[in-house]
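J.: Have a peek at upload31.txt (compact mmCIF, C-alpha atoms).
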# COMPACT_ATOMS: atom_id res chain seq x y z
CA MET A 16 -4.90 -10.35 -34.95
CA LEU A 17 -2.62 -8.63 -32.43
CA THR A 18 0.94 -7.81 -33.35
CA ARG A 19 3.75 -9.19 -31.19
CA LYS A 20 4.23 -5.79 -29.56
CA GLU A 21 0.50 -5.55 -28.82
CA GLN A 22 0.54 -9.08 -27.36
CA ARG A 23 3.43 -8.11 -25.05
CA ASP A 24 1.55 -5.02 -23.89
CA VAL A 25 -1.59 -6.97 -22.88
CA HIS A 26 -1.86 -7.13 -19.06
CA LEU A 27 -4.38 -9.39 -17.41
CA PRO A 28 -5.93 -8.31 -14.12
CA GLU A 29 -4.13 -9.88 -11.16
CA HIS A 30 -7.23 -11.71 -9.91
CA VAL A 31 -7.48 -13.44 -13.31
CA VAL A 32 -3.82 -14.49 -13.13
CA LEU A 33 -4.28 -15.75 -9.56
CA ASN A 34 -7.37 -17.70 -10.53
CA PHE A 35 -5.40 -19.33 -13.34
CA LEU A 36 -2.36 -20.14 -11.19
CA CYS A 37 -4.47 -21.65 -8.41
CA ARG A 38 -5.63 -24.37 -10.78
CA LEU A 39 -2.19 -25.51 -11.92
CA PRO A 40 -0.32 -28.54 -10.56
CA LEU A 41 2.72 -27.92 -8.37
CA LYS A 42 5.14 -29.04 -11.07
CA SER A 43 3.97 -26.24 -13.37
CA LEU A 44 3.88 -23.67 -10.57
CA PHE A 45 7.47 -24.35 -9.61
CA ARG A 46 8.52 -23.77 -13.23
CA PHE A 47 6.72 -20.41 -13.18
CA THR A 48 8.66 -19.13 -10.16
CA CYS A 49 11.29 -17.86 -12.62
CA VAL A 50 8.78 -15.64 -14.48
CA SER A 51 9.08 -12.76 -12.01
CA LYS A 52 9.94 -11.95 -8.40
CA ARG A 53 6.25 -11.35 -7.75
CA TRP A 54 5.26 -14.80 -9.00
CA ARG A 55 8.08 -16.45 -7.08
CA SER A 56 7.08 -14.75 -3.85
CA LEU A 57 3.44 -15.58 -4.45
CA ILE A 58 4.01 -19.28 -5.17
CA ILE A 59 6.70 -19.96 -2.57
CA SER A 60 5.81 -17.67 0.34
CA ASP A 61 2.19 -16.51 0.25
CA PRO A 62 0.04 -18.61 2.68
CA GLN A 63 -3.20 -17.17 1.30
CA PHE A 64 -2.28 -18.28 -2.23
CA ALA A 65 -1.24 -21.70 -0.88
CA ASN A 66 -4.62 -22.17 0.82
CA SER A 67 -6.51 -21.00 -2.28
CA HIS A 68 -4.49 -23.39 -4.43
CA PHE A 69 -5.24 -26.24 -2.03
CA GLN A 70 -8.99 -25.54 -2.03
CA LEU A 71 -9.29 -25.24 -5.81
CA ALA A 72 -6.94 -28.11 -6.67
CA ALA A 73 -8.04 -30.49 -3.88
CA SER A 74 -9.83 -32.87 -6.26
CA GLN A 75 -6.76 -33.27 -8.48
CA LEU A 76 -3.91 -33.23 -5.97
CA ARG A 77 -1.09 -35.66 -6.61
CA ARG A 78 -0.78 -38.16 -3.80
CA ASN A 79 2.72 -39.45 -3.26
CA VAL A 80 4.28 -41.90 -0.87
CA LEU A 81 7.07 -40.65 1.38
CA ILE A 82 9.69 -43.38 1.73
CA SER A 83 11.93 -42.96 4.77
CA THR A 84 14.93 -45.27 4.98
CA HIS A 85 17.13 -45.71 8.04
CA PRO A 86 20.51 -47.19 7.05
CA ILE A 87 22.45 -49.13 9.69
CA LEU A 88 26.19 -49.58 9.21
CA ILE A 89 27.37 -53.04 10.23
CA SER A 90 31.02 -53.17 11.31
CA LYS A 91 32.89 -56.28 12.36
CA GLY A 92 35.91 -55.95 14.63
CA THR A 93 37.92 -57.85 17.22
CA LEU A 94 35.33 -57.02 19.88
CA GLY A 95 32.42 -58.22 17.78
CA THR A 96 29.87 -56.69 15.45
CA THR A 97 28.67 -53.12 15.94
CA HIS A 98 25.58 -51.49 14.46
CA THR A 99 25.61 -47.73 13.85
CA MET A 100 22.38 -45.97 12.96
CA LEU A 101 22.97 -43.31 10.27
CA SER A 102 20.81 -40.33 9.35
CA PRO A 103 17.61 -41.28 7.52
CA ARG A 104 17.06 -40.61 3.82
CA PHE A 105 13.77 -39.49 2.28
CA HIS A 106 12.37 -40.23 -1.18
CA SER A 107 9.05 -39.59 -2.91
CA LEU A 108 7.20 -42.25 -4.91
CA ASP A 109 4.64 -40.88 -7.40
CA ASP A 110 1.67 -42.41 -9.23
CA ASN A 111 3.96 -43.91 -11.86
CA PHE A 112 6.15 -45.49 -9.17
CA SER A 113 8.97 -43.15 -10.14
CA VAL A 114 11.23 -42.19 -7.24
CA ARG A 115 13.03 -38.93 -6.53
CA SER A 116 15.18 -37.84 -3.61
CA LEU A 117 13.89 -35.24 -1.16
CA THR A 118 16.03 -32.62 0.53
CA PHE A 119 15.46 -32.32 4.26
CA PRO A 120 15.89 -28.76 5.65
CA SER A 121 18.54 -29.88 8.15
CA GLU A 122 20.52 -32.99 8.96
CA PRO A 123 17.80 -35.29 10.31
CA ASN A 124 18.27 -37.26 13.51
CA SER A 125 18.43 -41.02 13.47
CA ASP A 126 15.34 -42.84 14.77
CA ILE A 127 13.07 -40.17 13.28
CA VAL A 128 9.51 -41.30 12.58
CA VAL A 129 6.52 -39.85 10.74
CA MET A 130 3.75 -39.27 13.28
CA GLY A 131 1.03 -37.89 11.01
CA SER A 132 0.13 -36.46 7.61
CA CYS A 133 -2.49 -33.90 6.59
CA ASN A 134 -2.84 -31.55 3.59
CA GLY A 135 0.77 -32.12 2.52
CA LEU A 136 2.20 -31.49 6.01
CA LEU A 137 4.06 -34.24 7.88
CA VAL A 138 4.88 -34.34 11.58
CA LEU A 139 8.27 -35.87 12.34
CA GLY A 140 9.60 -36.84 15.74
CA LYS A 141 12.73 -38.42 17.20
CA PHE A 142 11.77 -41.73 18.73
CA TYR A 143 13.16 -43.17 21.96
CA ARG A 144 12.23 -46.76 22.69
CA HIS A 145 11.36 -48.17 26.09
CA ALA A 146 12.71 -45.45 28.37
CA LEU A 147 12.75 -46.07 32.10
CA VAL A 148 11.37 -43.13 34.06
CA PRO A 149 13.04 -42.63 37.47
CA LEU A 150 10.78 -43.25 40.46
CA GLY A 151 7.70 -43.74 38.28
CA GLN A 152 9.13 -46.95 36.80
CA LEU A 153 7.11 -46.52 33.61
CA TYR A 154 8.58 -48.52 30.74
CA CYS A 155 7.46 -46.91 27.49
CA ASP A 156 8.27 -45.18 24.20
CA TYR A 157 8.50 -41.43 24.00
CA TYR A 158 9.21 -38.66 21.48
CA LYS A 159 11.11 -35.38 21.30
CA THR A 160 12.56 -32.94 18.74
CA LEU A 161 9.30 -32.66 16.82
CA GLY A 162 8.75 -30.66 13.64
CA ILE A 163 6.29 -30.03 10.77
CA TRP A 164 7.60 -30.55 7.22
CA ASN A 165 6.13 -30.05 3.76
CA PRO A 166 8.30 -32.25 1.50
CA SER A 167 6.88 -30.61 -1.64
CA THR A 168 8.13 -27.10 -0.77
CA GLY A 169 10.79 -27.78 1.86
CA PHE A 170 8.89 -25.77 4.50
CA PHE A 171 9.84 -26.78 8.05
CA ARG A 172 9.07 -25.48 11.52
CA ASP A 173 9.90 -26.83 14.95
CA ILE A 174 7.27 -27.83 17.47
CA PRO A 175 8.21 -26.45 20.91
CA SER A 176 8.92 -28.92 23.68
CA PRO A 177 6.31 -29.06 26.47
CA SER A 178 7.01 -29.19 30.20
CA PHE A 179 6.21 -32.92 30.21
CA GLN A 180 7.84 -35.78 28.34
CA ILE A 181 5.87 -36.42 25.15
CA GLY A 182 4.46 -39.94 25.23
CA MET A 183 5.02 -40.56 28.95
CA ILE A 184 2.65 -40.60 31.90
CA LYS A 185 3.58 -39.48 35.39
CA LEU A 186 2.39 -42.15 37.83
CA THR A 187 0.48 -41.22 40.96
CA ASP A 188 1.77 -42.32 44.37
CA GLU A 189 -0.91 -45.03 44.46
CA GLU A 190 0.17 -46.35 41.06
CA LYS A 191 3.83 -46.28 42.10
CA GLU A 192 3.00 -48.43 45.15
CA ARG A 193 0.84 -50.81 43.11
CA HIS A 194 3.55 -51.32 40.48
CA PHE A 195 6.59 -51.07 42.75
CA GLY A 196 9.46 -53.08 41.31
CA VAL A 197 7.50 -53.84 38.12
CA TYR A 198 8.17 -52.44 34.65
CA ILE A 199 4.99 -51.15 33.04
CA MET A 200 4.69 -51.21 29.25
CA SER A 201 2.86 -48.24 27.74
CA CYS A 202 2.05 -48.12 24.02
CA VAL A 203 2.04 -44.62 22.55
CA TYR A 204 -0.51 -43.60 19.91
CA TYR A 205 -0.43 -40.44 17.83
CA GLY A 206 -2.16 -38.55 15.03
CA PHE A 207 -2.21 -35.19 13.25
CA GLY A 208 -4.83 -33.25 11.35
CA GLN A 209 -6.68 -30.04 10.54
CA VAL A 210 -9.25 -29.01 13.15
CA SER A 211 -11.85 -28.42 10.42
CA ALA A 212 -11.94 -27.62 6.72
CA SER A 213 -12.59 -23.94 7.50
CA SER A 214 -9.97 -23.67 10.26
CA ASP A 215 -6.34 -22.61 9.93
CA ASP A 216 -5.39 -24.67 13.00
CA TYR A 217 -3.78 -28.10 13.04
CA LYS A 218 -3.33 -30.32 16.09
CA LEU A 219 -0.93 -33.12 17.00
CA VAL A 220 -2.31 -35.73 19.41
CA VAL A 221 -0.07 -38.06 21.47
CA ILE A 222 -1.69 -40.69 23.71
CA PRO A 223 0.26 -42.85 26.18
CA ASN A 224 -2.16 -45.73 26.72
CA PHE A 225 -1.83 -46.84 30.33
CA GLY A 226 -4.01 -47.49 33.36
CA GLY A 227 -7.68 -46.64 33.85
CA PHE A 228 -7.54 -43.38 31.91
CA MET A 229 -5.77 -41.82 28.98
CA GLU A 230 -3.79 -38.61 29.04
CA VAL A 231 -4.23 -37.05 25.63
CA GLN A 232 -1.33 -34.68 24.95
CA VAL A 233 -2.48 -32.07 22.41
CA PHE A 234 -0.39 -29.52 20.54
CA SER A 235 -2.18 -26.67 18.74
CA VAL A 236 -0.25 -25.14 15.84
CA ARG A 237 -2.18 -21.87 15.96
CA ALA A 238 -1.82 -21.44 19.76
CA ASN A 239 1.74 -22.82 19.58
CA CYS A 240 1.32 -24.63 22.90
CA TRP A 241 0.63 -28.01 24.49
CA LYS A 242 -2.14 -29.11 26.83
CA VAL A 243 -3.10 -32.38 28.53
CA VAL A 244 -6.69 -33.64 28.28
CA LYS A 245 -7.92 -36.46 30.53
CA ALA A 246 -10.15 -38.98 28.76
CA PRO A 247 -11.91 -42.16 29.93
CA TYR A 248 -10.28 -45.44 28.98
CA LEU A 249 -12.24 -46.41 25.87
CA SER A 250 -10.77 -49.79 25.03
CA PRO A 251 -10.30 -51.77 28.24
CA TYR A 252 -10.02 -55.17 26.58
CA ARG A 253 -7.43 -54.78 23.84
CA LEU A 254 -4.74 -52.44 22.59
CA TRP A 255 -5.47 -50.49 19.43
CA SER A 256 -4.30 -52.07 16.19
CA LYS A 257 -1.95 -49.31 15.03
CA GLN A 258 -0.06 -46.47 16.68
CA TRP A 259 -0.69 -44.02 13.81
CA GLY A 260 -4.26 -42.72 13.89
CA THR A 261 -6.08 -42.01 10.64
CA TYR A 262 -7.25 -38.45 10.02
CA SER A 263 -10.68 -37.85 8.48
CA ASN A 264 -13.34 -35.14 8.91
CA GLY A 265 -11.66 -33.23 11.70
CA ALA A 266 -10.88 -36.25 13.87
CA VAL A 267 -8.14 -38.85 14.35
CA HIS A 268 -9.28 -42.49 14.41
CA TRP A 269 -8.07 -45.76 15.90
CA VAL A 270 -9.65 -49.19 16.23
CA SER A 271 -9.01 -52.25 18.41
CA HIS A 272 -8.28 -55.83 17.43
CA ARG A 273 -11.37 -57.97 17.07
CA GLU A 274 -12.18 -61.35 18.56
CA PRO A 275 -15.51 -62.70 17.22
CA GLY A 276 -17.86 -63.64 20.03
CA ILE A 277 -15.55 -62.17 22.68
CA PHE A 278 -14.82 -58.56 21.85
CA GLU A 279 -16.39 -56.44 19.14
CA PRO A 280 -14.52 -53.12 18.93
CA SER A 281 -15.65 -49.72 17.73
CA VAL A 282 -13.85 -46.98 15.89
CA TYR A 283 -12.50 -44.51 18.44
CA ALA A 284 -12.41 -40.94 17.12
CA PHE A 285 -10.71 -38.02 18.85
CA ASP A 286 -12.44 -34.81 17.74
CA LEU A 287 -9.76 -32.15 17.25
CA ALA A 288 -12.16 -29.21 17.75
CA ASN A 289 -13.87 -30.41 20.95
CA GLU A 290 -10.86 -32.47 22.13
CA GLU A 291 -13.16 -35.33 23.08
CA PHE A 292 -13.45 -39.00 22.14
CA ARG A 293 -16.49 -40.55 20.52
CA GLU A 294 -17.23 -44.08 19.33
CA MET A 295 -18.57 -45.19 15.97
CA PRO A 296 -19.72 -48.73 15.15
CA LEU A 297 -17.91 -50.82 12.58
CA PRO A 298 -19.76 -52.26 9.57
CA VAL A 299 -21.40 -55.67 9.79
CA LEU A 300 -19.19 -58.15 7.95
CA SER A 301 -20.43 -60.17 5.01
CA HIS A 302 -17.53 -62.53 5.54
CA ASN A 303 -18.80 -64.82 8.26
CA GLU A 304 -20.49 -67.28 5.91
CA ASP A 305 -17.03 -68.21 4.61
CA GLY A 306 -15.97 -69.36 8.06
CA MET A 307 -13.27 -66.66 8.24
CA LYS A 308 -12.22 -65.15 11.55
CA MET A 309 -11.53 -61.52 10.80
CA THR A 310 -9.37 -60.61 13.77
CA GLN A 311 -7.33 -57.67 12.44
CA VAL A 312 -9.07 -54.33 11.95
CA ARG A 313 -7.24 -51.27 10.62
CA THR A 314 -8.07 -47.78 9.38
CA PRO A 315 -6.07 -47.14 6.20
CA VAL A 316 -6.27 -43.94 4.19
CA LEU A 317 -8.96 -43.83 1.53
CA VAL A 318 -8.22 -41.42 -1.29
CA GLY A 319 -11.08 -38.94 -1.23
CA GLY A 320 -11.17 -38.42 2.52
CA CYS A 321 -13.80 -40.97 3.59
CA LEU A 322 -13.11 -42.98 6.73
CA CYS A 323 -12.12 -46.51 5.75
CA VAL A 324 -11.62 -49.77 7.65
CA MET A 325 -9.91 -52.95 6.57
CA PHE A 326 -10.74 -56.33 8.08
CA GLN A 327 -8.19 -59.15 7.85
CA ASP A 328 -8.03 -62.75 8.87
CA PHE A 329 -4.64 -64.11 9.86
CA ASP A 330 -3.16 -65.04 6.49
CA GLU A 331 -5.70 -64.95 3.67
CA CYS A 332 -8.51 -62.45 3.05
CA SER A 333 -8.81 -58.70 3.44
CA GLU A 334 -12.01 -56.73 3.11
CA PHE A 335 -12.28 -52.95 2.67
CA TRP A 336 -15.20 -50.74 3.73
CA ALA A 337 -15.80 -46.97 3.49
CA MET A 338 -18.13 -44.69 5.47
CA LYS A 339 -19.74 -42.60 2.72
CA GLU A 340 -21.44 -40.14 5.11
CA TYR A 341 -19.21 -39.46 8.06
CA GLY A 342 -20.74 -40.40 11.41
CA LEU A 343 -23.68 -42.27 9.84
CA PRO A 344 -23.36 -46.04 10.58
CA ALA A 345 -25.82 -46.95 7.81
CA SER A 346 -23.49 -45.42 5.22
CA TRP A 347 -20.79 -48.12 5.52
CA VAL A 348 -20.25 -49.57 2.04
CA LYS A 349 -18.14 -52.59 1.14
CA LEU A 350 -15.63 -51.60 -1.55
CA PHE A 351 -13.84 -54.85 -2.39
CA ARG A 352 -11.90 -57.77 -0.96
CA PHE A 353 -8.89 -59.81 -2.02
CA ASN A 354 -7.04 -62.93 -1.00
CA VAL A 355 -3.26 -62.69 -0.54
CA ARG A 356 -2.98 -66.33 -1.66
CA ASP A 357 -3.98 -65.16 -5.14
CA LEU A 358 -0.70 -63.20 -5.33
CA PRO A 359 2.00 -65.67 -4.22
CA ASP A 360 4.74 -63.87 -6.19
CA VAL A 361 4.03 -60.72 -4.12
CA PHE A 362 3.37 -62.05 -0.63
CA ALA A 363 5.02 -65.49 -0.38
CA PRO A 364 6.31 -66.68 2.01
CA PHE A 365 5.00 -63.89 4.27
CA PHE A 366 1.23 -64.23 3.87
CA SER A 367 0.42 -63.26 7.45
CA CYS A 368 -1.27 -59.88 7.93
CA TYR A 369 1.52 -58.95 10.35
CA TYR A 370 3.99 -58.71 7.43
CA TRP A 371 2.24 -56.04 5.36
CA ASP A 372 0.30 -52.79 5.67
CA PRO A 373 -1.89 -50.81 3.26
CA ILE A 374 -0.53 -47.31 2.63
CA PHE A 375 -3.67 -46.10 0.89
CA ILE A 376 -6.62 -47.41 -1.07
CA ALA A 377 -8.90 -45.99 -3.77
CA GLU A 378 -12.50 -46.77 -4.59
CA ASP A 379 -11.54 -48.22 -7.98
CA GLY A 380 -9.83 -51.09 -6.16
CA THR A 381 -6.28 -49.75 -6.18
CA VAL A 382 -4.25 -50.58 -3.06
CA VAL A 383 -0.64 -49.58 -2.35
CA ILE A 384 0.92 -51.97 0.16
CA LYS A 385 4.14 -51.94 2.15
CA LEU A 386 5.81 -55.36 2.52
CA HIS A 387 7.85 -55.25 5.73
CA LYS A 388 10.15 -58.23 5.26
CA LYS A 389 10.75 -57.74 1.54
CA LYS A 390 11.17 -53.95 1.90
CA GLU A 391 8.92 -53.34 -1.08
CA LEU A 392 6.00 -51.17 -2.09
CA VAL A 393 3.50 -52.76 -4.46
CA ARG A 394 0.39 -51.50 -6.22
CA ILE A 395 -2.43 -53.99 -6.52
CA LYS A 396 -5.56 -53.65 -8.61
CA CYS A 397 -8.55 -55.47 -7.11
CA HIS A 398 -11.66 -56.43 -9.04
CA LYS A 399 -14.89 -57.59 -7.46
CA GLU A 400 -15.21 -60.81 -9.41
CA GLU A 401 -11.65 -61.40 -10.61
CA LYS A 402 -8.37 -62.17 -8.91
CA PRO A 403 -6.21 -59.17 -7.92
CA VAL A 404 -3.33 -58.11 -10.15
CA CYS A 405 -0.01 -56.55 -9.13
CA THR A 406 0.61 -53.60 -11.47
CA GLU A 407 3.72 -51.93 -9.98
CA ARG A 408 6.57 -52.80 -7.61
CA TYR A 409 9.33 -50.80 -5.97
CA GLY A 410 12.00 -52.36 -3.76
CA LEU A 411 14.91 -50.99 -1.77
CA GLU A 412 18.33 -51.88 -3.11
CA GLU A 413 20.53 -53.87 -0.76
CA VAL A 414 23.93 -52.27 -0.04
CA PRO A 415 26.77 -54.54 1.20
CA GLY A 416 27.75 -53.75 4.77
CA PHE A 417 24.43 -52.10 5.55
CA LYS A 418 21.00 -53.16 6.55
CA CYS A 419 18.09 -50.79 6.20
CA LEU A 420 14.84 -50.09 8.01
CA PHE A 421 12.15 -48.43 5.97
CA ASP A 422 8.74 -46.88 6.36
CA ALA A 423 6.18 -45.37 4.01
CA SER A 424 3.54 -42.66 4.49
CA LEU A 425 1.02 -41.04 2.17
CA TYR A 426 1.15 -37.28 1.57
CA ASP A 427 -0.38 -34.77 -0.85
CA GLU A 428 1.62 -32.40 -3.03
CA THR A 429 0.57 -28.96 -1.75
CA LEU A 430 1.96 -25.49 -1.01
CA VAL A 431 0.40 -25.48 2.48
CA SER A 432 2.45 -24.20 5.42
CA VAL A 433 1.69 -23.10 8.99
CA PRO A 434 2.77 -19.95 10.85
CA GLU A 435 6.32 -20.12 12.20
Transcribe the structure of this file into C-alpha cells.
T.:
Amino acid sequence: MLTRKEQRDVHLPEHVVLNFLCRLPLKSLFRFTCVSKRWRSLIISDPQFANSHFQLAASQLRRNVLISTHPILISKGTLGTTHTMLSPRFHSLDDNFSVRSLTFPSEPNSDIVVMGSCNGLLVLGKFYRHALVPLGQLYCDYYKTLGIWNPSTGFFRDIPSPSFQIGMIKLTDEEKERHFGVYIMSCVYYGFGQVSASSDDYKLVVIPNFGGFMEVQVFSVRANCWKVVKAPYLSPYRLWSKQWGTYSNGAVHWVSHREPGIFEPSVYAFDLANEEFREMPLPVLSHNEDGMKMTQVRTPVLVGGCLCVMFQDFDECSEFWAMKEYGLPASWVKLFRFNVRDLPDVFAPFFSCYYWDPIFIAEDGTVVIKLHKKKELVRIKCHKEEKPVCTERYGLEEVPGFKCLFDASLYDETLVSVPE
C-alpha cells in the first residue's frame, strides 16, 4: 500500500484526467474548478473540452426547464390604471421539480422571448408586436437585440443586427398597390439548431409568413452573418400550429393545423445545411374509430432527439408519435395517448388544447406540460392501459400589485459555447 506521501506524488497522465472529467455531470465539474487554475480554465473556458464533454455525456445530460417570468407592475392613480413591464426573471426547474434562480449576464430587456434551444444554448430576442412598416403597410411582429445564452455556464454573445428588420418582409410595388390602405398580418416563425452533429456551426432561422413565398432569414454563427433565402410557400391553406420550430437531425420543423377530409398537412422541415425546405408525411392516426376529430398537430421535443408529433382534438384526447428513423415515414411509432378529462384537478376548467402546451415528452410516458391560465408546470406519467397520473406540480406565486406572464423552454445542462 502506498504511503500518503507516495499517493500525493502520483501524477496521472493528462489524457486520463481529461477522459475522467469528460464523463462527470456539470454539478461535479463546477465543484472541481477550485482544484487548480488549469482545471478551472479547462472546465470554464476550453471549447474543445466542452464539446468532448457534450459528446461523451450526451446520453446522461440533465434536461431542465427554463422558466422565464415577465412581471407587470399594476399602478392605480387619478388618471386610471397603468401597467409597467419590468425586466424578466429566469429560473431553472430540474428533474425533481426543484427551482433555482439563474443569473443573466446583463440586465435583460422586457418583452424578451426564447426563440430556440439546442445543446444547452438558447437564443433570446426582444419582441416587438404588430409594428407598422412605413409605406409597406405590413402589420407584423418583429425581433431585435438577439443573443445566444448558455444558462448553465453564463456564457453570452450578441447576434449582430442585419441590414433588414428581423421578422419583416419588404413589400414589392405590386403588393403595395394590391394592399393599399389595408393592414396585412404576418405571423413570424423561428427556430435554432446545430447544422449537423459533426459541425461546429449553428443557425437561427426567422420566417415571416406572408404572400406567395417565404423569405427565410438565416443567421450563421460560424460565418457571423445573415442571409435571406427565398422559399416556395409550402402551406397555402393554413398557418403553422406554433411559431417555435422543433429542432431534430439538423433541421427545424413545423406543422400545420389539420382538418380531416379538407386539409391533411405534412411536417415542414428546413434543412440547416442545405437551407432548403422538405416535406415529410405525418403518421396515420389510429384514433378515427373513436369518432375524434384530431385538429391540432404539434411537434414537441422528445427526449432522445427523435422527431415527435402530438395530435389533439379540441378538449379531450392527445396522442403522441415518434419517428424512430429520421426521414423514414414507415418508422412512425405511436408512443401513448391520454385524455385530459382523466385529470380534472390538473386541467379543469381549461380542458381545451389552446390552454396548455407540452414542454417535452419521454418514451416512458412522461410529459411535462405548461398550463397557460394557471401558470403552472406539471409532470404527468402516462400508461398505455391505465389513466394518467400527475406526479409533480410547480406554480408561480402571485404577488399583490403585480401580474405575471410566463413561458417555459427545455434546455440541456452543457458547457457548450460558440465563438464570440
J.: Of the candidates A:Trp241, A:Tyr370, A:Phe119, A:Trp347, which one gets nearest to A:Leu139 if we count all atoms listed in the file?
T.: A:Phe119
J.: Work out how far atom CA of A:Val383 is from atom CA of A:Arg104, in Å to one decimal.
T.: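 Separating atom CA of A:Arg104 from atom CA of A:Val383 is a distance of 20.8 Å.
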J.: Which neighbours of A:Trp336 fall inside 9 Å, counting all atoms listed in the file, when residues of the same chain fewer than 4 positions from it are skipped, and could you give them as a ChimeraX atom specification?
T.: /A:298,322-326,347-351
J.: Excluding stretch 105-109 of chain A and its own-chain neighbours fewer than 3 positions away, which residues fall within 8 Å of it when counting only C-alpha atoms? Please give them as a list of chain:residue names.
T.: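 The neighbour list is A:Arg77, A:Arg78, A:Asn79, A:Val80, A:Leu81, A:Ile82, A:Ser83, A:Thr84, A:Phe112, A:Ser113, A:Val114, A:Arg115, A:Ser116, A:Leu117, A:Thr118, A:Phe119.
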J.: For those residues, write C-alpha atoms to a file as a PDB file, in the frame of the given file.
T.:
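So part-v3.pdb came out as:
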ATOM      1  CA  ARG A  77      -1.090 -35.660  -6.610  1.00  0.00           C
ATOM      2  CA  ARG A  78      -0.780 -38.160  -3.800  1.00  0.00           C
ATOM      3  CA  ASN A  79       2.720 -39.450  -3.260  1.00  0.00           C
ATOM      4  CA  VAL A  80       4.280 -41.900  -0.870  1.00  0.00           C
ATOM      5  CA  LEU A  81       7.070 -40.650   1.380  1.00  0.00           C
ATOM      6  CA  ILE A  82       9.690 -43.380   1.730  1.00  0.00           C
ATOM      7  CA  SER A  83      11.930 -42.960   4.770  1.00  0.00           C
ATOM      8  CA  THR A  84      14.930 -45.270   4.980  1.00  0.00           C
ATOM      9  CA  PHE A 112       6.150 -45.490  -9.170  1.00  0.00           C
ATOM     10  CA  SER A 113       8.970 -43.150 -10.140  1.00  0.00           C
ATOM     11  CA  VAL A 114      11.230 -42.190  -7.240  1.00  0.00           C
ATOM     12  CA  ARG A 115      13.030 -38.930  -6.530  1.00  0.00           C
ATOM     13  CA  SER A 116      15.180 -37.840  -3.610  1.00  0.00           C
ATOM     14  CA  LEU A 117      13.890 -35.240  -1.160  1.00  0.00           C
ATOM     15  CA  THR A 118      16.030 -32.620   0.530  1.00  0.00           C
ATOM     16  CA  PHE A 119      15.460 -32.320   4.260  1.00  0.00           C
TER      17      PHE A 119
END
J.: Expressed in Å to a single decimal, how great is the separation between atom CA of A:Met338 and atom CA of A:Val404?
T.: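 These atoms are spaced 25.4 Å apart.
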J.: For each of A:Glu412, A:Arg172, A:Phe285, A:Phe362, take the minimum atom-to-atom distance to A:Ile222, counting only C-alpha atoms, then give the residue where this is smallest.
T.: A:Phe285
J.: For A:Ala72, which residue out of A:Glu334, A:Arg38, A:Ala238, A:Cys133 is the nearest one, using all atoms listed in the file?
T.: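 Once distances to A:Ala72 are computed over all atoms listed in the file, the minimum belongs to A:Arg38.
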